[in-house]
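Okay, coords_26.cif is below, mmCIF, C-alpha atoms (C1' of nucleotides):
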```cif
data_run
#
loop_
_atom_site.label_atom_id
_atom_site.label_comp_id
_atom_site.auth_asym_id
_atom_site.auth_seq_id
_atom_site.Cartn_x
_atom_site.Cartn_y
_atom_site.Cartn_z
CA MET D 296 95.30 -22.75 22.57
CA ASP D 297 93.06 -25.47 21.13
CA MET D 298 89.88 -23.56 21.80
CA PRO D 299 89.19 -19.84 21.35
CA ALA D 300 88.78 -17.97 24.62
CA GLU D 301 85.55 -16.51 23.26
CA GLU D 302 83.92 -19.91 23.21
CA ARG D 303 84.90 -20.94 26.70
CA LEU D 304 81.75 -20.59 28.76
CA GLY D 305 83.82 -21.12 31.87
CA LEU D 306 85.52 -17.78 31.38
CA LEU D 307 82.18 -16.00 31.31
CA VAL D 308 81.07 -17.67 34.52
CA LYS D 309 84.35 -16.80 36.16
CA ARG D 310 84.09 -13.17 35.14
CA ALA D 311 80.52 -12.97 36.42
CA GLU D 312 81.53 -14.50 39.72
CA GLN D 313 84.53 -12.21 39.99
CA ARG D 314 82.38 -9.12 39.56
CA LEU D 315 79.79 -10.49 41.94
CA MET D 316 82.39 -11.18 44.62
CA ALA D 317 83.92 -7.73 44.23
CA ALA D 318 80.51 -6.12 44.67
CA LYS D 319 79.59 -8.32 47.62
CA HIS D 320 82.94 -7.75 49.24
CA ALA D 321 82.40 -4.00 49.10
CA ALA D 322 78.84 -4.46 50.40
CA VAL D 323 79.59 -6.57 53.47
CA LYS D 324 82.70 -4.52 54.20
CA THR D 325 80.34 -1.80 55.44
CA ALA D 326 79.57 -4.17 58.31
CA GLY D 327 83.23 -5.01 58.87
CA LEU D 328 82.79 -8.48 57.41
CA THR D 329 84.42 -10.47 54.61
CA VAL D 330 82.31 -12.52 52.22
CA PRO D 331 83.25 -15.88 53.81
CA GLN D 332 82.49 -14.45 57.25
CA TYR D 333 79.13 -13.20 55.99
CA ALA D 334 78.35 -16.60 54.49
CA ALA D 335 79.21 -18.32 57.76
CA LEU D 336 77.05 -15.97 59.83
CA LEU D 337 74.18 -16.47 57.39
CA VAL D 338 74.20 -20.19 58.04
CA LEU D 339 74.87 -19.72 61.73
CA VAL D 340 71.85 -17.53 62.39
CA ASP D 341 69.54 -20.32 61.23
CA ASN D 342 71.54 -23.11 62.93
CA PRO D 343 72.47 -22.06 66.46
CA GLY D 344 75.08 -24.32 68.02
CA ILE D 345 76.17 -25.85 64.73
CA SER D 346 79.62 -27.47 64.65
CA ALA D 347 82.50 -26.06 62.61
CA ALA D 348 82.52 -29.17 60.45
CA ALA D 349 78.82 -28.89 59.64
CA LEU D 350 79.23 -25.18 58.97
CA ALA D 351 82.04 -25.96 56.56
CA ARG D 352 79.83 -28.42 54.70
CA GLU D 353 77.04 -25.85 54.40
CA CYS D 354 79.45 -23.22 53.07
CA LEU D 355 81.11 -25.70 50.70
CA VAL D 356 84.60 -25.19 52.11
CA THR D 357 86.97 -27.46 54.01
CA PRO D 358 86.83 -27.64 57.82
CA GLN D 359 90.30 -26.08 57.91
CA ALA D 360 89.15 -23.07 55.94
CA MET D 361 86.15 -22.67 58.22
CA THR D 362 88.39 -22.85 61.29
CA VAL D 363 90.27 -19.79 60.06
CA VAL D 364 87.05 -17.88 59.38
CA LEU D 365 85.66 -18.76 62.82
CA LYS D 366 88.90 -17.75 64.48
CA ASN D 367 88.62 -14.30 62.94
CA LEU D 368 84.93 -13.99 63.79
CA LEU D 369 85.78 -14.99 67.36
CA GLY D 370 88.54 -12.42 67.49
CA HIS D 371 86.06 -9.74 66.50
CA GLY D 372 83.55 -10.85 69.11
CA LEU D 373 80.88 -11.80 66.59
CA ILE D 374 80.55 -15.41 67.72
CA GLU D 375 81.04 -17.50 70.84
CA ARG D 376 82.21 -21.09 71.00
CA GLY D 377 81.77 -23.56 73.81
CA PRO D 378 81.88 -27.30 74.46
CA HIS D 379 78.90 -29.49 73.62
CA GLN D 380 77.17 -31.33 76.47
CA TRP D 381 77.78 -34.95 75.57
CA HIS D 382 79.71 -34.74 72.30
CA ARG D 383 82.95 -33.64 73.89
CA THR D 384 84.62 -33.66 70.53
CA MET D 385 82.33 -30.90 69.29
CA LEU D 386 82.37 -27.16 69.86
CA GLU D 387 79.07 -25.32 69.73
CA THR D 388 79.13 -22.01 67.92
CA HIS D 389 76.65 -19.22 68.61
CA LEU D 390 76.15 -15.68 67.34
CA THR D 391 76.73 -12.81 69.76
CA ASP D 392 74.55 -9.71 69.70
CA ALA D 393 77.34 -7.93 67.83
CA GLY D 394 77.36 -10.78 65.33
CA ARG D 395 73.64 -10.56 64.77
CA GLU D 396 73.91 -6.81 64.26
CA ALA D 397 76.80 -7.15 61.79
CA LEU D 398 74.90 -9.79 59.84
CA ARG D 399 71.80 -7.61 59.69
CA THR D 400 73.80 -4.70 58.26
CA ALA D 401 75.74 -6.87 55.83
CA ASP D 402 72.69 -8.72 54.56
CA ALA D 403 70.84 -5.51 53.84
CA ALA D 404 73.71 -4.40 51.62
CA ALA D 405 74.04 -7.81 49.99
CA VAL D 406 70.34 -8.02 49.17
CA VAL D 407 70.59 -4.70 47.34
CA ILE D 408 73.02 -6.34 44.94
CA GLU D 409 70.90 -9.46 44.48
CA ARG D 410 67.87 -7.28 43.75
CA ARG D 411 69.81 -5.24 41.24
CA ILE D 412 70.81 -8.43 39.46
CA ALA D 413 67.31 -9.85 39.54
CA ALA D 414 65.93 -6.59 38.15
CA ALA D 415 68.08 -6.97 35.05
CA PHE D 416 66.02 -9.96 33.93
CA THR D 417 62.41 -10.84 33.21
CA PRO D 418 60.92 -13.66 35.29
CA ASP D 419 61.27 -15.98 32.31
CA GLU D 420 64.89 -15.04 31.88
CA ARG D 421 65.56 -15.66 35.56
CA ASP D 422 64.07 -19.14 35.25
CA SER D 423 66.12 -19.73 32.13
CA LEU D 424 69.35 -18.59 33.78
CA ARG D 425 68.65 -20.75 36.80
CA ASP D 426 68.11 -23.75 34.57
CA LEU D 427 71.20 -23.14 32.44
CA LEU D 428 73.43 -22.56 35.44
CA THR D 429 72.17 -25.68 37.15
CA ARG D 430 72.91 -27.74 34.06
CA PHE D 431 76.27 -26.01 33.77
CA THR D 432 77.16 -27.13 37.27
CA GLN D 433 75.94 -30.66 36.71
CA ALA D 434 77.83 -30.97 33.43
CA ILE D 435 81.14 -30.63 35.25
CA MET W 1445 67.31 -12.91 55.76
CA ASP W 1446 65.27 -10.50 53.67
CA MET W 1447 65.47 -12.61 50.55
CA PRO W 1448 65.20 -16.39 50.21
CA ALA W 1449 68.44 -18.07 49.29
CA GLU W 1450 66.62 -19.87 46.50
CA GLU W 1451 65.99 -16.61 44.67
CA ARG W 1452 69.52 -15.31 44.89
CA LEU W 1453 70.97 -15.78 41.44
CA GLY W 1454 74.37 -14.89 42.84
CA LEU W 1455 74.47 -18.12 44.80
CA LEU W 1456 73.91 -20.15 41.64
CA VAL W 1457 76.71 -18.37 39.85
CA LYS W 1458 78.99 -18.87 42.80
CA ARG W 1459 78.24 -22.58 42.96
CA ALA W 1460 78.82 -22.97 39.24
CA GLU W 1461 82.13 -21.15 39.50
CA GLN W 1462 83.13 -23.20 42.52
CA ARG W 1463 82.55 -26.47 40.70
CA LEU W 1464 84.29 -25.14 37.62
CA MET W 1465 87.35 -24.10 39.61
CA ALA W 1466 87.50 -27.43 41.39
CA ALA W 1467 87.42 -29.26 38.07
CA LYS W 1468 89.97 -26.95 36.47
CA HIS W 1469 92.22 -27.20 39.49
CA ALA W 1470 92.27 -30.96 39.19
CA ALA W 1471 92.84 -30.68 35.44
CA VAL W 1472 95.83 -28.34 35.46
CA LYS W 1473 97.28 -30.11 38.49
CA THR W 1474 98.26 -32.91 36.11
CA ALA W 1475 100.75 -30.42 34.65
CA GLY W 1476 101.93 -29.29 38.08
CA LEU W 1477 100.14 -25.96 37.73
CA THR W 1478 97.57 -24.05 39.74
CA VAL W 1479 94.67 -22.30 38.01
CA PRO W 1480 96.14 -18.80 38.42
CA GLN W 1481 99.47 -20.04 37.10
CA TYR W 1482 97.71 -21.62 34.13
CA ALA W 1483 95.83 -18.38 33.45
CA ALA W 1484 99.06 -16.38 33.57
CA LEU W 1485 100.87 -18.76 31.20
CA LEU W 1486 97.91 -18.63 28.82
CA VAL W 1487 98.27 -14.86 28.51
CA LEU W 1488 102.04 -15.06 28.48
CA VAL W 1489 102.27 -17.42 25.52
CA ASP W 1490 100.51 -14.87 23.33
CA ASN W 1491 102.34 -11.86 24.79
CA PRO W 1492 106.05 -12.60 25.08
CA GLY W 1493 107.90 -10.08 27.21
CA ILE W 1494 104.76 -8.69 28.82
CA SER W 1495 105.23 -6.84 32.13
CA ALA W 1496 103.88 -8.16 35.41
CA ALA W 1497 101.55 -5.19 35.67
CA ALA W 1498 100.06 -5.79 32.22
CA LEU W 1499 99.77 -9.49 32.95
CA ALA W 1500 97.88 -8.66 36.13
CA ARG W 1501 95.44 -6.48 34.19
CA GLU W 1502 94.82 -9.25 31.65
CA CYS W 1503 94.17 -11.77 34.39
CA LEU W 1504 91.98 -9.34 36.34
CA VAL W 1505 94.04 -9.53 39.51
CA THR W 1506 96.19 -6.99 41.37
CA PRO W 1507 99.87 -6.60 40.49
CA GLN W 1508 100.73 -7.89 43.95
CA ALA W 1509 98.79 -11.09 43.37
CA MET W 1510 100.49 -11.56 40.02
CA THR W 1511 103.90 -11.03 41.64
CA VAL W 1512 103.28 -14.02 43.88
CA VAL W 1513 102.15 -16.18 40.96
CA LEU W 1514 105.19 -15.20 38.90
CA LYS W 1515 107.50 -15.86 41.82
CA ASN W 1516 106.19 -19.40 42.04
CA LEU W 1517 106.38 -19.92 38.27
CA LEU W 1518 109.95 -18.63 38.36
CA GLY W 1519 110.78 -20.98 41.20
CA HIS W 1520 109.56 -23.89 39.12
CA GLY W 1521 111.56 -22.78 36.10
CA LEU W 1522 108.53 -22.20 33.90
CA ILE W 1523 109.28 -18.56 33.15
CA GLU W 1524 112.29 -16.24 32.92
CA ARG W 1525 112.40 -12.57 33.81
CA GLY W 1526 114.88 -9.96 32.67
CA PRO W 1527 115.24 -6.20 32.47
CA HIS W 1528 113.68 -4.29 29.59
CA GLN W 1529 115.96 -2.37 27.21
CA TRP W 1530 114.96 1.24 27.77
CA HIS W 1531 112.18 0.96 30.35
CA ARG W 1532 114.46 0.18 33.24
CA THR W 1533 111.47 0.08 35.56
CA MET W 1534 110.05 -2.89 33.71
CA LEU W 1535 110.85 -6.59 33.85
CA GLU W 1536 110.24 -8.66 30.74
CA THR W 1537 108.72 -12.06 31.33
CA HIS W 1538 109.15 -14.98 28.92
CA LEU W 1539 108.06 -18.61 28.88
CA THR W 1540 110.76 -21.27 29.16
CA ASP W 1541 110.53 -24.52 27.22
CA ALA W 1542 109.37 -26.21 30.40
CA GLY W 1543 106.71 -23.54 30.76
CA ARG W 1544 105.48 -24.08 27.23
CA GLU W 1545 105.32 -27.81 27.81
CA ALA W 1546 103.42 -27.43 31.09
CA LEU W 1547 100.97 -25.06 29.45
CA ARG W 1548 100.39 -27.47 26.58
CA THR W 1549 99.59 -30.31 28.97
CA ALA W 1550 97.41 -28.16 31.21
CA ASP W 1551 95.46 -26.63 28.37
CA ALA W 1552 94.66 -29.99 26.87
CA ALA W 1553 93.10 -31.03 30.18
CA ALA W 1554 91.30 -27.73 30.61
CA VAL W 1555 89.80 -27.85 27.13
CA VAL W 1556 88.30 -31.25 27.92
CA ILE W 1557 86.28 -29.59 30.67
CA GLU W 1558 85.20 -26.70 28.49
CA ARG W 1559 84.09 -29.12 25.80
CA ARG W 1560 82.15 -31.17 28.32
CA ILE W 1561 80.36 -28.03 29.44
CA ALA W 1562 79.67 -26.88 25.90
CA ALA W 1563 78.30 -30.30 25.02
CA ALA W 1564 75.63 -29.96 27.69
CA PHE W 1565 73.91 -27.24 25.70
CA THR W 1566 72.46 -26.69 22.26
CA PRO W 1567 73.99 -23.85 20.20
CA ASP W 1568 70.97 -21.70 20.99
CA GLU W 1569 71.31 -22.39 24.68
CA ARG W 1570 74.98 -21.48 24.58
CA ASP W 1571 74.13 -18.15 22.97
CA SER W 1572 71.43 -17.63 25.53
CA LEU W 1573 73.73 -18.41 28.45
CA ARG W 1574 76.40 -16.12 27.04
CA ASP W 1575 73.87 -13.30 26.76
CA LEU W 1576 72.43 -13.81 30.22
CA LEU W 1577 75.82 -14.03 31.89
CA THR W 1578 77.02 -10.90 30.12
CA ARG W 1579 73.98 -9.00 31.31
CA PHE W 1580 74.45 -10.49 34.77
CA THR W 1581 77.95 -9.09 34.91
CA GLN W 1582 76.92 -5.70 33.60
CA ALA W 1583 74.04 -5.44 36.05
CA ILE W 1584 76.46 -5.42 38.97
"C1'" DT R 55 114.46 22.79 33.69
"C1'" DT R 56 111.41 21.74 37.09
"C1'" DA R 57 107.20 19.86 38.70
"C1'" DT R 58 103.44 16.83 38.22
"C1'" DA R 59 101.43 12.74 36.86
"C1'" DT R 60 101.74 8.01 35.51
"C1'" DA R 61 103.49 3.32 35.41
"C1'" DT R 62 106.39 -0.05 37.26
"C1'" DA R 63 108.00 -3.06 40.95
"C1'" DT R 64 108.06 -4.52 45.67
"C1'" DC R 65 107.41 -4.96 50.92
"C1'" DA R 66 104.07 -5.85 54.52
"C1'" DA R 67 99.81 -7.27 56.76
"C1'" DA R 68 95.51 -9.66 56.86
"C1'" DG R 69 92.61 -13.10 55.23
"C1'" DC R 70 90.90 -17.27 52.59
"C1'" DT R 71 91.76 -21.86 50.59
"C1'" DT R 72 93.57 -26.38 49.77
"C1'" DT R 73 95.96 -30.91 50.86
"C1'" DG R 74 98.06 -33.73 54.24
"C1'" DA R 75 98.74 -35.41 58.84
"C1'" DT R 76 97.42 -36.17 63.73
"C1'" DA R 77 94.74 -36.69 68.07
"C1'" DT R 78 90.41 -37.28 70.48
"C1'" DT R 79 85.87 -38.82 70.90
"C1'" DG R 80 81.59 -41.25 69.73
"C1'" DT R 81 79.26 -45.33 67.28
"C1'" DG R 82 78.42 -49.91 65.79
"C1'" DC R 83 79.79 -54.58 65.32
"C1'" DC R 84 81.93 -58.90 67.01
"C1'" DG H 497 84.61 -55.55 76.73
"C1'" DG H 498 87.26 -54.65 72.60
"C1'" DC H 499 88.00 -53.20 67.81
"C1'" DA H 500 87.25 -50.95 63.54
"C1'" DC H 501 84.94 -46.93 61.61
"C1'" DA H 502 83.41 -42.32 61.31
"C1'" DA H 503 83.27 -37.53 62.85
"C1'" DT H 504 85.33 -33.76 65.12
"C1'" DA H 505 89.04 -30.50 65.88
"C1'" DT H 506 93.56 -28.80 65.00
"C1'" DC H 507 98.55 -28.11 63.32
"C1'" DA H 508 101.42 -27.25 59.31
"C1'" DA H 509 102.70 -26.03 54.60
"C1'" DA H 510 101.82 -23.94 50.23
"C1'" DG H 511 99.45 -20.82 47.51
"C1'" DC H 512 96.25 -16.94 46.08
"C1'" DT H 513 94.13 -12.43 47.03
"C1'" DT H 514 93.32 -7.89 48.72
"C1'" DT H 515 94.51 -3.11 50.60
"C1'" DG H 516 98.02 0.06 51.84
"C1'" DA H 517 102.52 2.06 51.54
"C1'" DT H 518 106.98 3.00 49.24
"C1'" DA H 519 110.64 3.63 45.76
"C1'" DT H 520 112.10 4.26 41.04
"C1'" DA H 521 111.71 5.62 36.38
"C1'" DT H 522 109.26 7.56 32.35
"C1'" DA H 523 106.36 11.06 30.26
"C1'" DT H 524 104.05 15.37 30.12
"C1'" DA H 525 103.28 20.13 31.10
"C1'" DA H 526 104.42 24.61 33.00
#
```
Could you render the structure from this file as C-alpha cells?
Amino acid sequence: MDMPAEERLGLLVKRAEQRLMAAKHAAVKTAGLTVPQYAALLVLVDNPGISAAALARECLVTPQAMTVVLKNLLGHGLIERGPHQWHRTMLETHLTDAGREALRTADAAAVVIERRIAAAFTPDERDSLRDLLTRFTQAI
Amino acid sequence: MDMPAEERLGLLVKRAEQRLMAAKHAAVKTAGLTVPQYAALLVLVDNPGISAAALARECLVTPQAMTVVLKNLLGHGLIERGPHQWHRTMLETHLTDAGREALRTADAAAVVIERRIAAAFTPDERDSLRDLLTRFTQAI
DNA sequence: TTATATATATCAAAGCTTTGATATTGTGCC
DNA sequence: GGCACAATATCAAAGCTTTGATATATATAA
C-alpha cells in the first residue's frame, strides 16, 4: 500500500522460488519423493548416522519438521533408524538401498533443472546473481 | 551428487526466500497475521468482492489452499463473505474494518523489510537483480 | 432444448512447517 | 557426588499446501 508491488524485490524472489519448487517437486516426484525428503536424503548420503537434530540444522528446518519427514521416509523404507552406541539420547539414521536408489533417480531429475537454469546465464551473470542473492539474504 | 551444491543457483534462491519469509513472518505477526493471510488481504483491499477462486489465482495458490486461509481470516473477523447477486455459485469476500486495520499494520512492517533490502543495492544493481530473477523464473 | 464445457465451492487425504512444552541423556563446573 | 546447562527426541496445536474427487451453477454450442 505504501510501496508499489513492482518495486518489491521480495516478490520477485518469492515468485522465482515458487516456480523452482514447483519444477523440483515434479522432478523428484518421479522417484516418489517430496522436495523436503529429497533434501534430507541429499544430506544423509554424505553424513551416514547423522542425528535428526543435526539433519534439521543442515536442511534449515526445525527438528520437529525433520521428525515428520523422517517418519515418512521410514514408512517408505528409504531410511533406517537405530540407537547410538553411547549417546543413548541419539538415534542414528542411515539410508537403505531403496533410499539410495530413490535419491539417485531424484537427483538426476533435479540436476536437469539446475543445468537448465545455469544455461540461461553467462558465467559472469551467474557470478553476479550469486553475489546479488547473497547480499539480498544478508540484508534481511 | 552429480553437481556441486555450490553451483546450484536454486539453493541460493531458496535460502534467500527462506530468510525473506522468516523476516516477513515476524513482521506481519505483529498484526496477528500470517504471510499467506497478509498476501490475501493485500489483494483483497484492491479487489473488493473478489471470489475465492480469483483470489487464489492472484496469490498463485490453489483454491483449496485459499479456502483454508479465508476460513482462518473469517474466524478472526478480518473478512466477511456473502452470496453474489446473480452468480449464485460465487461468494463475495470483503474486508472488515478490523481486516483493514490489520493489513495497515502488517504492511507497514513488511515495507520496512522491503526498504531494507532495496537499500542494500544501487539502482543499477536493483535493475540487474530484477532482470536476472525474471530470466531465472522463465528458464524453469 | 439439450448437451457440453467452464467456473465456482467444498470435502478428504497426505505432507510440511512453525511455536510451545516436556522428558531423557550427556557435559562441565563446583 | 551433585547441580546447572546443553542437546536430543517427541507430543500437541495451528496453519499452509498440494492432488484428487464431487456437486452446483453459468455459459456456449448443437
After fit on chain D (all C-alpha, ordered pairs), chain W as an mmCIF file with C-alpha atoms, in the frame of the given file:
```
data_model
loop_
_atom_site.group_PDB
_atom_site.id
_atom_site.type_symbol
_atom_site.label_atom_id
_atom_site.label_comp_id
_atom_site.auth_asym_id
_atom_site.auth_seq_id
_atom_site.Cartn_x
_atom_site.Cartn_y
_atom_site.Cartn_z
ATOM 1 C CA MET W 1445 95.306 -22.861 22.627
ATOM 2 C CA ASP W 1446 93.056 -25.540 21.179
ATOM 3 C CA MET W 1447 89.881 -23.614 21.837
ATOM 4 C CA PRO W 1448 89.219 -19.892 21.398
ATOM 5 C CA ALA W 1449 88.796 -18.030 24.641
ATOM 6 C CA GLU W 1450 85.592 -16.545 23.277
ATOM 7 C CA GLU W 1451 83.922 -19.948 23.214
ATOM 8 C CA ARG W 1452 84.889 -20.961 26.713
ATOM 9 C CA LEU W 1453 81.744 -20.591 28.761
ATOM 10 C CA GLY W 1454 83.814 -21.134 31.881
ATOM 11 C CA LEU W 1455 85.515 -17.794 31.401
ATOM 12 C CA LEU W 1456 82.165 -16.007 31.327
ATOM 13 C CA VAL W 1457 81.063 -17.674 34.524
ATOM 14 C CA LYS W 1458 84.340 -16.825 36.163
ATOM 15 C CA ARG W 1459 84.085 -13.179 35.164
ATOM 16 C CA ALA W 1460 80.519 -12.972 36.417
ATOM 17 C CA GLU W 1461 81.523 -14.516 39.724
ATOM 18 C CA GLN W 1462 84.517 -12.218 39.999
ATOM 19 C CA ARG W 1463 82.385 -9.117 39.571
ATOM 20 C CA LEU W 1464 79.789 -10.495 41.947
ATOM 21 C CA MET W 1465 82.384 -11.177 44.631
ATOM 22 C CA ALA W 1466 83.911 -7.744 44.228
ATOM 23 C CA ALA W 1467 80.508 -6.129 44.667
ATOM 24 C CA LYS W 1468 79.585 -8.331 47.616
ATOM 25 C CA HIS W 1469 82.944 -7.729 49.229
ATOM 26 C CA ALA W 1470 82.382 -4.001 49.097
ATOM 27 C CA ALA W 1471 78.835 -4.463 50.388
ATOM 28 C CA VAL W 1472 79.583 -6.564 53.461
ATOM 29 C CA LYS W 1473 82.691 -4.509 54.192
ATOM 30 C CA THR W 1474 80.335 -1.792 55.429
ATOM 31 C CA ALA W 1475 79.551 -4.169 58.304
ATOM 32 C CA GLY W 1476 83.214 -4.997 58.878
ATOM 33 C CA LEU W 1477 82.784 -8.468 57.401
ATOM 34 C CA THR W 1478 84.416 -10.443 54.621
ATOM 35 C CA VAL W 1479 82.310 -12.510 52.220
ATOM 36 C CA PRO W 1480 83.243 -15.857 53.803
ATOM 37 C CA GLN W 1481 82.478 -14.449 57.239
ATOM 38 C CA TYR W 1482 79.124 -13.190 55.981
ATOM 39 C CA ALA W 1483 78.347 -16.598 54.474
ATOM 40 C CA ALA W 1484 79.212 -18.336 57.741
ATOM 41 C CA LEU W 1485 77.052 -15.973 59.816
ATOM 42 C CA LEU W 1486 74.179 -16.471 57.378
ATOM 43 C CA VAL W 1487 74.220 -20.215 58.028
ATOM 44 C CA LEU W 1488 74.877 -19.731 61.715
ATOM 45 C CA VAL W 1489 71.845 -17.544 62.355
ATOM 46 C CA ASP W 1490 69.560 -20.348 61.210
ATOM 47 C CA ASN W 1491 71.553 -23.116 62.914
ATOM 48 C CA PRO W 1492 72.472 -22.081 66.447
ATOM 49 C CA GLY W 1493 75.089 -24.320 68.012
ATOM 50 C CA ILE W 1494 76.185 -25.844 64.717
ATOM 51 C CA SER W 1495 79.652 -27.450 64.663
ATOM 52 C CA ALA W 1496 82.517 -26.041 62.632
ATOM 53 C CA ALA W 1497 82.557 -29.158 60.487
ATOM 54 C CA ALA W 1498 78.856 -28.882 59.647
ATOM 55 C CA LEU W 1499 79.244 -25.177 58.990
ATOM 56 C CA ALA W 1500 82.070 -25.955 56.585
ATOM 57 C CA ARG W 1501 79.876 -28.427 54.702
ATOM 58 C CA GLU W 1502 77.068 -25.871 54.404
ATOM 59 C CA CYS W 1503 79.446 -23.246 53.086
ATOM 60 C CA LEU W 1504 81.128 -25.714 50.722
ATOM 61 C CA VAL W 1505 84.603 -25.177 52.124
ATOM 62 C CA THR W 1506 87.013 -27.429 54.036
ATOM 63 C CA PRO W 1507 86.864 -27.591 57.833
ATOM 64 C CA GLN W 1508 90.319 -26.033 57.935
ATOM 65 C CA ALA W 1509 89.154 -23.030 55.943
ATOM 66 C CA MET W 1510 86.153 -22.636 58.217
ATOM 67 C CA THR W 1511 88.413 -22.806 61.282
ATOM 68 C CA VAL W 1512 90.273 -19.742 60.059
ATOM 69 C CA VAL W 1513 87.042 -17.855 59.372
ATOM 70 C CA LEU W 1514 85.662 -18.723 62.805
ATOM 71 C CA LYS W 1515 88.904 -17.715 64.469
ATOM 72 C CA ASN W 1516 88.615 -14.278 62.920
ATOM 73 C CA LEU W 1517 84.918 -13.973 63.792
ATOM 74 C CA LEU W 1518 85.765 -14.981 67.354
ATOM 75 C CA GLY W 1519 88.529 -12.407 67.477
ATOM 76 C CA HIS W 1520 86.050 -9.729 66.495
ATOM 77 C CA GLY W 1521 83.544 -10.865 69.100
ATOM 78 C CA LEU W 1522 80.868 -11.805 66.588
ATOM 79 C CA ILE W 1523 80.541 -15.416 67.696
ATOM 80 C CA GLU W 1524 81.046 -17.510 70.835
ATOM 81 C CA ARG W 1525 82.209 -21.101 71.004
ATOM 82 C CA GLY W 1526 81.745 -23.579 73.816
ATOM 83 C CA PRO W 1527 81.893 -27.306 74.444
ATOM 84 C CA HIS W 1528 78.922 -29.500 73.586
ATOM 85 C CA GLN W 1529 77.155 -31.381 76.395
ATOM 86 C CA TRP W 1530 77.784 -35.016 75.536
ATOM 87 C CA HIS W 1531 79.774 -34.793 72.303
ATOM 88 C CA ARG W 1532 82.973 -33.669 73.937
ATOM 89 C CA THR W 1533 84.682 -33.656 70.559
ATOM 90 C CA MET W 1534 82.387 -30.920 69.333
ATOM 91 C CA LEU W 1535 82.400 -27.168 69.856
ATOM 92 C CA GLU W 1536 79.087 -25.342 69.721
ATOM 93 C CA THR W 1537 79.132 -22.038 67.905
ATOM 94 C CA HIS W 1538 76.636 -19.245 68.601
ATOM 95 C CA LEU W 1539 76.127 -15.717 67.311
ATOM 96 C CA THR W 1540 76.707 -12.847 69.735
ATOM 97 C CA ASP W 1541 74.524 -9.747 69.674
ATOM 98 C CA ALA W 1542 77.300 -7.961 67.825
ATOM 99 C CA GLY W 1543 77.354 -10.799 65.319
ATOM 100 C CA ARG W 1544 73.627 -10.568 64.753
ATOM 101 C CA GLU W 1545 73.891 -6.833 64.250
ATOM 102 C CA ALA W 1546 76.780 -7.157 61.787
ATOM 103 C CA LEU W 1547 74.892 -9.801 59.850
ATOM 104 C CA ARG W 1548 71.794 -7.620 59.677
ATOM 105 C CA THR W 1549 73.778 -4.710 58.258
ATOM 106 C CA ALA W 1550 75.726 -6.880 55.831
ATOM 107 C CA ASP W 1551 72.693 -8.722 54.559
ATOM 108 C CA ALA W 1552 70.827 -5.529 53.849
ATOM 109 C CA ALA W 1553 73.704 -4.413 51.624
ATOM 110 C CA ALA W 1554 74.033 -7.808 49.987
ATOM 111 C CA VAL W 1555 70.336 -8.013 49.174
ATOM 112 C CA VAL W 1556 70.581 -4.695 47.339
ATOM 113 C CA ILE W 1557 73.022 -6.334 44.940
ATOM 114 C CA GLU W 1558 70.898 -9.424 44.481
ATOM 115 C CA ARG W 1559 67.877 -7.263 43.753
ATOM 116 C CA ARG W 1560 69.835 -5.217 41.243
ATOM 117 C CA ILE W 1561 70.831 -8.411 39.474
ATOM 118 C CA ALA W 1562 67.318 -9.822 39.546
ATOM 119 C CA ALA W 1563 65.950 -6.575 38.156
ATOM 120 C CA ALA W 1564 68.094 -6.955 35.052
ATOM 121 C CA PHE W 1565 66.025 -9.913 33.919
ATOM 122 C CA THR W 1566 62.425 -10.778 33.189
ATOM 123 C CA PRO W 1567 60.901 -13.613 35.260
ATOM 124 C CA ASP W 1568 61.271 -15.934 32.287
ATOM 125 C CA GLU W 1569 64.899 -14.999 31.872
ATOM 126 C CA ARG W 1570 65.551 -15.632 35.544
ATOM 127 C CA ASP W 1571 64.060 -19.108 35.229
ATOM 128 C CA SER W 1572 66.105 -19.676 32.129
ATOM 129 C CA LEU W 1573 69.336 -18.549 33.776
ATOM 130 C CA ARG W 1574 68.620 -20.710 36.805
ATOM 131 C CA ASP W 1575 68.083 -23.726 34.558
ATOM 132 C CA LEU W 1576 71.167 -23.119 32.455
ATOM 133 C CA LEU W 1577 73.418 -22.542 35.444
ATOM 134 C CA THR W 1578 72.137 -25.673 37.155
ATOM 135 C CA ARG W 1579 72.878 -27.723 34.070
ATOM 136 C CA PHE W 1580 76.246 -25.995 33.776
ATOM 137 C CA THR W 1581 77.137 -27.114 37.267
ATOM 138 C CA GLN W 1582 75.911 -30.645 36.722
ATOM 139 C CA ALA W 1583 77.795 -30.975 33.450
ATOM 140 C CA ILE W 1584 81.108 -30.635 35.265
#
```
Counting all atoms listed in the file, chain R residues within 10 Å of chain W, as JSON, numbers by chain: {"R": [61, 62, 63, 64]}
Atomic separation - atom CA of Ala1500 of chain W relative to atom CA of Met361 of chain D, Å: 28.7 Å
Nearest to chain W by atom-to-atom distance, counting only C-alpha atoms (C1' of nucleotides), from H:DT513, H:DT524, H:DG497, H:DA503: H:DT513
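Shortest separation to chain W among H:DA505, H:DA526, H:DC512, H:DA517 occurs at residue H:DC512, atoms counted being only C-alpha atoms (C1' of nucleotides).
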For segment 499-504 of chain H, take all atoms listed in the file, fit an axis-aligned box around them, add 8 Å to each of the six sides, then output centre and edge lengths in Å rounded to one decimal, as AutoDock Vina command-line options.
```
--center_x 85.6 --center_y -43.5 --center_z 64.6 --size_x 20.7 --size_y 35.4 --size_z 22.5
```
